[in-house]
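Scroll down for the structure; my scribbles are underneath it.
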Amino acid sequence: YFVVCCNVLGSCYGSTSPQSVKASNDLENQEEETSYGLDFPDVSVQDTVRIQLEMLQKELQINSVKCVIGGSFGGMQAIEFAVQGGSTEAPFTTADGYPMVRSVVPIACGAAHTAWQIAISEVQRQAIYADPNWKTQPEKAFAGLSVARQMGMVSYRTAMGYESKFGRHMQIDKEANDDDANVNAGAREPAPYGTHAKWQVKSYLEYQGRKFLGRFDPITYVKLTEQMDSHDVGRNRGGIVKALDSVTIPALVLGIDSDVLYPLSEQEQMASMLPNGHLEIIHSDDGHDGFLLEQDQVASHITKFLEAHD
């Protein structure tokens, strides 16, 4: 297959984003440059997919796409591809009038971001807003971004997954000594509870928060979570039922049985509304992250689907 990976408008991974530099509008200071920052415009998932389809059709001159596959935020784009290019009546068709998108595999997502998902996004944004730097130097609200990422890491997994991975185990410092305030007096064992308790799960989340700062920035995080909240295939199309009913191409919907963030009921509903939709379930104890961790199951379902449809 010829695989195309499209960036998302607003992402800090190569596309134009809040970090991108824009030329000053002041004609007397043409050499002065500033980043978009908070002035970066609001972008919807519908916008992002329309841009990608324009790129495929006009820039790469691709007549049709065999399959669009994506998980989570990518899954939202995949089902949006189906609506914008998955029928002869869709905005994007081939030169001879057939659907430009021939099949889709949306994974671990729904047809619209629900109040539950918007709420989880919002508390993460509120963590960033609470950072002292947000009001004056929002691009430096790193403490808030770290907490936001940690919140996300909890929502991606499950109680069972965290218990099996961490339990009530403590993180023992390699260089702990008897004078360390974080260990019991006269012992090398960490405090069993309280302020100085070093839970392994606490250490894991703090590490994930720190690591994230090397590849993301606070404004972009806010803007991309807002873009995810925009996801609604039924907006300006007469509702979700009507939008999905217009999709005629084959659609394999994959859901994870332990997903807390995007519950399996959402994939069941979406598959039932797609005229040519089919649901397969990924079995995992790892919640939403199952679509990344259960690679053998995911690959098996996708391979069979691709072989079954042109």
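Residue numbering restarts at 1 for every chain of the structure tokens, chains are lettered A, B, ... in their displayed order, and ligands are numbered from 1 as they appear.
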Counting only C-alpha atoms, which residues of segment 134-236 of chain A fall within 12 Å of segment 49-53 of chain A, and what is the closest atom pair for each with its distance in Å at one decimal, ordered by chain and rising number, as JSON lines?
{"residue": "A:Gln227", "atom": "CA", "partner": "A:Val49", "partner_atom": "CA", "distance": 11.8}
{"residue": "A:His231", "atom": "CA", "partner": "A:Val49", "partner_atom": "CA", "distance": 11.1}
{"residue": "A:Val233", "atom": "CA", "partner": "A:Val49", "partner_atom": "CA", "distance": 11.3}
Restrict the selected residues to C-alpha atoms and save them as an mmCIF file, in the first residue's frame.
data_model
loop_
_atom_site.group_PDB
_atom_site.id
_atom_site.type_symbol
_atom_site.label_atom_id
_atom_site.label_comp_id
_atom_site.auth_asym_id
_atom_site.auth_seq_id
_atom_site.Cartn_x
_atom_site.Cartn_y
_atom_site.Cartn_z
ATOM 1 C CA GLN A 227 -10.651 20.711 18.179
ATOM 2 C CA HIS A 231 -16.154 16.533 16.693
ATOM 3 C CA VAL A 233 -20.440 14.390 12.228
#
Non-local contacts of Thr248 of chain A (10 Å; only C-alpha atoms; under 2 positions in same chain excluded) as a list in words: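 After dropping sequence-adjacent residues, the list is Ala82, Val83, Gly85, Gly86, Ser87, Thr88, Glu89, Ala90, Pro99, Arg102, Ser103, Leu244, Asp245, Ser246, Pro250, Ala251, Leu274, Pro275, Asn276 and Gly277 of chain A.
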Export, as a compact mmCIF listing (two decimals), in the first residue's frame, the selected residues with all heavy atoms.
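For reference, out-v3.txt as written:
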# COMPACT_ATOMS: atom_id res chain seq x y z
N ALA A 82 -15.37 9.49 6.09
CA ALA A 82 -16.47 8.72 5.54
C ALA A 82 -17.63 9.61 5.13
O ALA A 82 -18.27 9.41 4.09
CB ALA A 82 -16.94 7.67 6.54
N VAL A 83 -17.92 10.62 5.95
CA VAL A 83 -19.04 11.52 5.67
C VAL A 83 -18.72 12.44 4.50
O VAL A 83 -19.56 12.71 3.64
CB VAL A 83 -19.41 12.32 6.92
CG1 VAL A 83 -20.50 13.35 6.61
CG2 VAL A 83 -19.89 11.39 8.04
N GLY A 85 -16.37 11.93 2.13
CA GLY A 85 -15.92 11.28 0.89
C GLY A 85 -16.39 9.87 0.69
O GLY A 85 -15.86 9.16 -0.16
N GLY A 86 -17.41 9.45 1.45
CA GLY A 86 -17.82 8.05 1.43
C GLY A 86 -19.13 7.74 0.75
O GLY A 86 -19.80 6.75 1.09
N SER A 87 -19.52 8.56 -0.23
CA SER A 87 -20.70 8.25 -1.03
C SER A 87 -20.63 9.04 -2.34
O SER A 87 -19.83 9.97 -2.46
CB SER A 87 -21.99 8.62 -0.28
OG SER A 87 -22.21 10.02 -0.30
N THR A 88 -21.47 8.68 -3.27
CA THR A 88 -21.47 9.40 -4.55
C THR A 88 -22.05 10.80 -4.40
O THR A 88 -21.87 11.65 -5.29
CB THR A 88 -22.30 8.63 -5.61
OG1 THR A 88 -23.63 8.44 -5.10
CG2 THR A 88 -21.66 7.28 -5.91
N GLU A 89 -22.74 11.06 -3.30
CA GLU A 89 -23.33 12.37 -3.05
C GLU A 89 -22.45 13.22 -2.14
O GLU A 89 -22.81 14.37 -1.83
CB GLU A 89 -24.72 12.21 -2.41
CG GLU A 89 -25.68 11.37 -3.21
CD GLU A 89 -25.96 11.96 -4.58
OE1 GLU A 89 -26.09 13.20 -4.69
OE2 GLU A 89 -26.05 11.19 -5.57
N ALA A 90 -21.32 12.69 -1.70
CA ALA A 90 -20.44 13.40 -0.77
C ALA A 90 -19.71 14.53 -1.48
O ALA A 90 -19.60 14.54 -2.72
CB ALA A 90 -19.44 12.42 -0.17
N PRO A 99 -17.25 7.32 -4.82
CA PRO A 99 -16.74 7.84 -3.55
C PRO A 99 -15.21 7.92 -3.58
O PRO A 99 -14.55 6.95 -3.97
CB PRO A 99 -17.23 6.82 -2.52
CG PRO A 99 -18.44 6.21 -3.14
CD PRO A 99 -18.14 6.14 -4.61
N ARG A 102 -12.91 4.80 -0.15
CA ARG A 102 -13.55 3.52 -0.45
C ARG A 102 -13.90 2.68 0.78
O ARG A 102 -14.74 1.79 0.71
CB ARG A 102 -12.67 2.72 -1.42
CG ARG A 102 -12.46 3.51 -2.69
CD ARG A 102 -11.74 2.86 -3.82
NE ARG A 102 -10.87 1.76 -3.62
CZ ARG A 102 -9.54 1.80 -3.87
NH1 ARG A 102 -8.96 2.93 -4.25
NH2 ARG A 102 -8.81 0.72 -3.73
N SER A 103 -13.26 2.98 1.91
CA SER A 103 -13.60 2.31 3.17
C SER A 103 -12.92 3.05 4.31
O SER A 103 -11.98 3.82 4.10
CB SER A 103 -13.14 0.83 3.15
OG SER A 103 -11.72 0.74 3.07
N LEU A 244 -24.59 9.76 9.15
CA LEU A 244 -24.02 8.41 9.02
C LEU A 244 -24.81 7.57 8.01
O LEU A 244 -24.24 6.71 7.34
CB LEU A 244 -23.98 7.72 10.37
CG LEU A 244 -23.02 8.32 11.41
CD1 LEU A 244 -23.01 7.48 12.68
CD2 LEU A 244 -21.60 8.42 10.84
N ASP A 245 -26.10 7.82 7.91
CA ASP A 245 -26.92 7.07 6.97
C ASP A 245 -26.54 7.38 5.51
O ASP A 245 -26.80 6.58 4.61
CB ASP A 245 -28.40 7.39 7.18
CG ASP A 245 -29.30 6.48 6.38
OD1 ASP A 245 -29.22 5.24 6.54
OD2 ASP A 245 -30.09 7.00 5.56
N SER A 246 -25.88 8.53 5.32
CA SER A 246 -25.48 8.91 3.96
C SER A 246 -24.22 8.18 3.51
O SER A 246 -23.87 8.19 2.32
CB SER A 246 -25.23 10.42 3.89
OG SER A 246 -24.04 10.78 4.60
N PRO A 250 -17.96 0.57 2.93
CA PRO A 250 -17.75 -0.32 4.06
C PRO A 250 -17.01 0.39 5.20
O PRO A 250 -16.09 1.18 4.95
CB PRO A 250 -16.89 -1.44 3.47
CG PRO A 250 -17.10 -1.38 2.00
CD PRO A 250 -17.32 0.07 1.70
N ALA A 251 -17.43 0.11 6.43
CA ALA A 251 -16.80 0.71 7.61
C ALA A 251 -16.61 -0.35 8.68
O ALA A 251 -17.58 -1.00 9.09
CB ALA A 251 -17.65 1.86 8.14
N LEU A 274 -24.30 3.05 10.56
CA LEU A 274 -23.65 3.03 9.24
C LEU A 274 -24.27 1.93 8.39
O LEU A 274 -24.27 0.76 8.80
CB LEU A 274 -22.15 2.80 9.39
CG LEU A 274 -21.35 3.97 9.99
CD1 LEU A 274 -20.00 3.50 10.52
CD2 LEU A 274 -21.15 5.07 8.95
N PRO A 275 -24.82 2.25 7.22
CA PRO A 275 -25.48 1.23 6.39
C PRO A 275 -24.62 0.02 6.07
O PRO A 275 -25.12 -1.09 5.94
CB PRO A 275 -25.82 2.02 5.11
CG PRO A 275 -25.96 3.43 5.56
CD PRO A 275 -24.92 3.59 6.63
N ASN A 276 -23.31 0.24 5.94
CA ASN A 276 -22.40 -0.85 5.62
C ASN A 276 -21.35 -0.98 6.72
O ASN A 276 -20.18 -1.23 6.45
CB ASN A 276 -21.73 -0.57 4.27
CG ASN A 276 -21.23 -1.84 3.60
OD1 ASN A 276 -21.38 -2.94 4.12
ND2 ASN A 276 -20.62 -1.69 2.44
N GLY A 277 -21.81 -0.77 7.97
CA GLY A 277 -20.89 -0.80 9.10
C GLY A 277 -20.83 -2.15 9.78
O GLY A 277 -21.79 -2.93 9.77
Quick one: DSSP strand (DSSP E or B) residues in segment 18-190 of chain A, as a PDB file with N, CA and C atoms, in the first residue's frame?
ATOM      1  N   VAL A  21       5.395  30.954  13.461  1.00  0.00           N
ATOM      2  CA  VAL A  21       5.673  32.391  13.389  1.00  0.00           C
ATOM      3  C   VAL A  21       4.847  33.030  12.281  1.00  0.00           C
ATOM      4  N   LYS A  22       4.266  34.169  12.580  1.00  0.00           N
ATOM      5  CA  LYS A  22       3.531  34.928  11.572  1.00  0.00           C
ATOM      6  C   LYS A  22       4.222  36.282  11.391  1.00  0.00           C
ATOM      7  N   ALA A  23       4.203  36.791  10.170  1.00  0.00           N
ATOM      8  CA  ALA A  23       4.821  38.090   9.894  1.00  0.00           C
ATOM      9  C   ALA A  23       3.991  39.191  10.514  1.00  0.00           C
ATOM     10  N   GLU A  33       8.816  39.366  13.973  1.00  0.00           N
ATOM     11  CA  GLU A  33       7.963  38.198  13.825  1.00  0.00           C
ATOM     12  C   GLU A  33       7.496  37.716  15.189  1.00  0.00           C
ATOM     13  N   THR A  34       6.261  37.302  15.269  1.00  0.00           N
ATOM     14  CA  THR A  34       5.705  36.746  16.497  1.00  0.00           C
ATOM     15  C   THR A  34       4.950  35.477  16.152  1.00  0.00           C
ATOM     16  N   SER A  35       4.757  34.631  17.138  1.00  0.00           N
ATOM     17  CA  SER A  35       3.990  33.407  16.910  1.00  0.00           C
ATOM     18  C   SER A  35       2.494  33.706  17.044  1.00  0.00           C
ATOM     19  N   VAL A  65      -8.974   6.771  -2.259  1.00  0.00           N
ATOM     20  CA  VAL A  65      -8.248   6.227  -1.115  1.00  0.00           C
ATOM     21  C   VAL A  65      -8.877   4.885  -0.750  1.00  0.00           C
ATOM     22  N   VAL A  68      -9.243   4.699   5.058  1.00  0.00           N
ATOM     23  CA  VAL A  68      -8.769   5.662   6.054  1.00  0.00           C
ATOM     24  C   VAL A  68      -8.872   4.997   7.415  1.00  0.00           C
ATOM     25  N   ILE A  69      -7.748   4.911   8.117  1.00  0.00           N
ATOM     26  CA  ILE A  69      -7.689   4.211   9.401  1.00  0.00           C
ATOM     27  C   ILE A  69      -7.183   5.178  10.464  1.00  0.00           C
ATOM     28  N   GLY A  70      -7.862   5.215  11.609  1.00  0.00           N
ATOM     29  CA  GLY A  70      -7.399   6.081  12.684  1.00  0.00           C
ATOM     30  C   GLY A  70      -7.996   5.688  14.013  1.00  0.00           C
ATOM     31  N   GLY A  71      -7.245   5.945  15.086  1.00  0.00           N
ATOM     32  CA  GLY A  71      -7.712   5.648  16.434  1.00  0.00           C
ATOM     33  C   GLY A  71      -7.808   6.899  17.273  1.00  0.00           C
ATOM     34  N   THR A  93     -15.577  13.261  -4.468  1.00  0.00           N
ATOM     35  CA  THR A  93     -15.756  12.041  -5.251  1.00  0.00           C
ATOM     36  C   THR A  93     -14.615  11.911  -6.246  1.00  0.00           C
ATOM     37  N   PRO A  99     -17.254   7.320  -4.823  1.00  0.00           N
ATOM     38  CA  PRO A  99     -16.736   7.839  -3.553  1.00  0.00           C
ATOM     39  C   PRO A  99     -15.212   7.918  -3.575  1.00  0.00           C
ATOM     40  N   VAL A 101     -13.317   8.108  -0.938  1.00  0.00           N
ATOM     41  CA  VAL A 101     -12.878   7.220   0.144  1.00  0.00           C
ATOM     42  C   VAL A 101     -13.634   5.910   0.003  1.00  0.00           C
ATOM     43  N   VAL A 104     -13.420   2.796   5.524  1.00  0.00           N
ATOM     44  CA  VAL A 104     -12.843   3.456   6.711  1.00  0.00           C
ATOM     45  C   VAL A 104     -12.784   2.481   7.880  1.00  0.00           C
ATOM     46  N   VAL A 105     -11.830   2.751   8.784  1.00  0.00           N
ATOM     47  CA  VAL A 105     -11.726   1.996  10.031  1.00  0.00           C
ATOM     48  C   VAL A 105     -11.553   2.984  11.186  1.00  0.00           C
ATOM     49  N   PRO A 106     -12.654   3.477  11.739  1.00  0.00           N
ATOM     50  CA  PRO A 106     -12.554   4.333  12.922  1.00  0.00           C
ATOM     51  C   PRO A 106     -12.400   3.473  14.182  1.00  0.00           C
ATOM     52  N   ILE A 107     -11.436   3.809  15.019  1.00  0.00           N
ATOM     53  CA  ILE A 107     -11.108   2.996  16.189  1.00  0.00           C
ATOM     54  C   ILE A 107     -11.234   3.828  17.466  1.00  0.00           C
ATOM     55  N   ALA A 112     -19.579  11.679  17.791  1.00  0.00           N
ATOM     56  CA  ALA A 112     -19.471  13.043  18.293  1.00  0.00           C
ATOM     57  C   ALA A 112     -18.834  12.999  19.676  1.00  0.00           C
ATOM     58  N   MET A 170       5.603   0.956  46.273  1.00  0.00           N
ATOM     59  CA  MET A 170       6.324   2.214  46.442  1.00  0.00           C
ATOM     60  C   MET A 170       7.533   2.274  45.534  1.00  0.00           C
ATOM     61  N   VAL A 183      12.181   8.645  53.982  1.00  0.00           N
ATOM     62  CA  VAL A 183      12.157   7.253  54.416  1.00  0.00           C
ATOM     63  C   VAL A 183      11.958   7.213  55.917  1.00  0.00           C
ATOM     64  N   PRO A 190      10.541   3.134  52.029  1.00  0.00           N
ATOM     65  CA  PRO A 190       9.826   4.408  51.903  1.00  0.00           C
ATOM     66  C   PRO A 190       8.670   4.491  52.890  1.00  0.00           C
TER      67      PRO A 190
END
Based on the backbone DSSP call, show me all residues of segment 48-242 of chain A assigned alpha helix (DSSP H), as a PyMOL selection string. chain A and resi 48-54+73-85+115-129+142-155+159-165+200-212+218-229+240-242
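Using only C-alpha atoms, the shortest contact distance between Tyr98 of chain A and any of A:Lys135, A:Ala197, A:Val3, A:Asn63 is found at A:Asn63.
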Using 12 Å as the limit and counting only C-alpha atoms, can you tabulate each residue of segment 70-169 of chain A that touches segment 37-40 of chain A, with its shortest atom-to-atom distance in Å and the two atoms involved, as a Markdown table?
| residue | atom | partner | partner_atom | distance |
| --- | --- | --- | --- | --- |
| A:Trp134 | CA | A:Leu38 | CA | 10.5 |
| A:Lys135 | CA | A:Leu38 | CA | 10.7 |
| A:Thr136 | CA | A:Leu38 | CA | 11.2 |
| A:Gln137 | CA | A:Gly37 | CA | 9.7 |
| A:Pro138 | CA | A:Leu38 | CA | 8.1 |
| A:Glu139 | CA | A:Gly37 | CA | 7.3 |
| A:Lys140 | CA | A:Gly37 | CA | 11.1 |
Distance of atom CA of Asn133 of chain A from atom CA of Glu226 of chain A, expressed in Å to one decimal place: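 So the two atoms, atom CA of Glu226 of chain A and atom CA of Asn133 of chain A, lie 20.1 Å apart.
Proximity of A:Glu268, A:Gln19, A:Lys211, A:Lys66 to His309 of chain A, computed with only C-alpha atoms, is greatest for A:Lys66.
Distances to Met100 of chain A were evaluated for A:Met160, A:Val247, A:Val241, A:Val154 using only C-alpha atoms, and the minimum falls at A:Val247.
For the choices A:Val298, A:Cys109, A:Cys12, A:Ile62, the atom-to-atom distance to Ala271 of chain A is smallest for A:Cys109 when using only C-alpha atoms.
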So that I can check the surroundings of Arg157 of chain A, please list as a PyMOL selection string every protein, DNA and RNA residue that reaches within 9 Å of it, counting only C-alpha atoms and ignoring chain neighbours fewer than 5 positions away. chain A and resi 162+258-261+285-290
Can you tell me which residues surround Gln150 of chain A at a distance of at most 6 Å, considering only C-alpha atoms, apart from same-chain residues fewer than 3 positions away, and format the answer as an mmCIF file with N, CA, C and O atoms, in the first residue's frame?
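Final file, around22.cif:
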data_model
loop_
_atom_site.group_PDB
_atom_site.id
_atom_site.type_symbol
_atom_site.label_atom_id
_atom_site.label_comp_id
_atom_site.auth_asym_id
_atom_site.auth_seq_id
_atom_site.Cartn_x
_atom_site.Cartn_y
_atom_site.Cartn_z
ATOM 1 N N VAL A 147 0.283 18.617 34.559
ATOM 2 C CA VAL A 147 -0.874 18.067 35.277
ATOM 3 C C VAL A 147 -1.948 17.616 34.297
ATOM 4 O O VAL A 147 -2.563 16.564 34.470
ATOM 5 N N MET A 153 -3.463 10.674 31.154
ATOM 6 C CA MET A 153 -2.900 9.336 31.302
ATOM 7 C C MET A 153 -3.778 8.451 32.178
ATOM 8 O O MET A 153 -3.819 7.234 31.992
ATOM 9 N N LEU A 205 3.164 8.909 36.877
ATOM 10 C CA LEU A 205 2.425 10.047 36.343
ATOM 11 C C LEU A 205 3.308 11.294 36.260
ATOM 12 O O LEU A 205 3.251 12.044 35.274
ATOM 13 N N GLY A 209 4.260 13.341 32.886
ATOM 14 C CA GLY A 209 4.031 14.772 32.785
ATOM 15 C C GLY A 209 5.268 15.520 32.354
ATOM 16 O O GLY A 209 5.213 16.414 31.499
#
Near Ala127 of chain A, within 7 Å and counting only C-alpha atoms, which residues show up once chain neighbours fewer than 2 positions away are dropped, as JSON, numbers by chain? {"A": [123, 124, 125, 129, 130, 131, 144, 147, 148]}
Same residues, N, CA and C atoms, output as a CSV table (one decimal), in the first residue's frame:
chain,number,residue,atom,x,y,z
A,123,VAL,N,-11.3,19.8,32.3
A,123,VAL,CA,-10.6,19.8,33.5
A,123,VAL,C,-9.1,19.8,33.2
A,124,GLN,N,-8.6,19.3,32.1
A,124,GLN,CA,-7.2,19.3,31.7
A,124,GLN,C,-6.9,20.8,31.3
A,125,ARG,N,-7.8,21.4,30.5
A,125,ARG,CA,-7.6,22.8,30.2
A,125,ARG,C,-7.6,23.7,31.4
A,129,TYR,N,-5.0,26.5,32.7
A,129,TYR,CA,-5.4,27.9,33.0
A,129,TYR,C,-5.0,28.3,34.4
A,130,ALA,N,-4.9,27.3,35.3
A,130,ALA,CA,-4.5,27.6,36.7
A,130,ALA,C,-3.0,27.9,36.9
A,131,ASP,N,-2.2,27.5,35.9
A,131,ASP,CA,-0.8,27.8,35.9
A,131,ASP,C,-0.6,29.3,36.0
A,144,GLY,N,1.1,23.5,34.5
A,144,GLY,CA,-0.3,23.1,34.2
A,144,GLY,C,-0.4,22.1,33.1
A,147,VAL,N,0.3,18.6,34.6
A,147,VAL,CA,-0.9,18.1,35.3
A,147,VAL,C,-1.9,17.6,34.3
A,148,ALA,N,-2.2,18.4,33.2
A,148,ALA,CA,-3.2,18.0,32.2
A,148,ALA,C,-2.8,16.7,31.6
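The smallest atom-to-atom distance between Lys165 of chain A and any of A:Met76, A:Val201, A:Val4, A:Leu252, using only C-alpha atoms, is found for A:Val201.
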Atom pair atom CA of Ser64 of chain A / atom CA of Met228 of chain A: separation (Å):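 Straight-line distance from atom CA of Ser64 of chain A to atom CA of Met228 of chain A works out to 26.0 Å.
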Quick one, how far is atom CA of Leu293 of chain A from atom CA of Tyr156 of chain A?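 For atom CA of Leu293 of chain A relative to atom CA of Tyr156 of chain A, the distance reads 11.5 Å.
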From A:Leu9, A:Ile120, A:Ile256, A:Cys67, residue lying nearest Leu292 of chain A [only C-alpha atoms]: A:Ile256
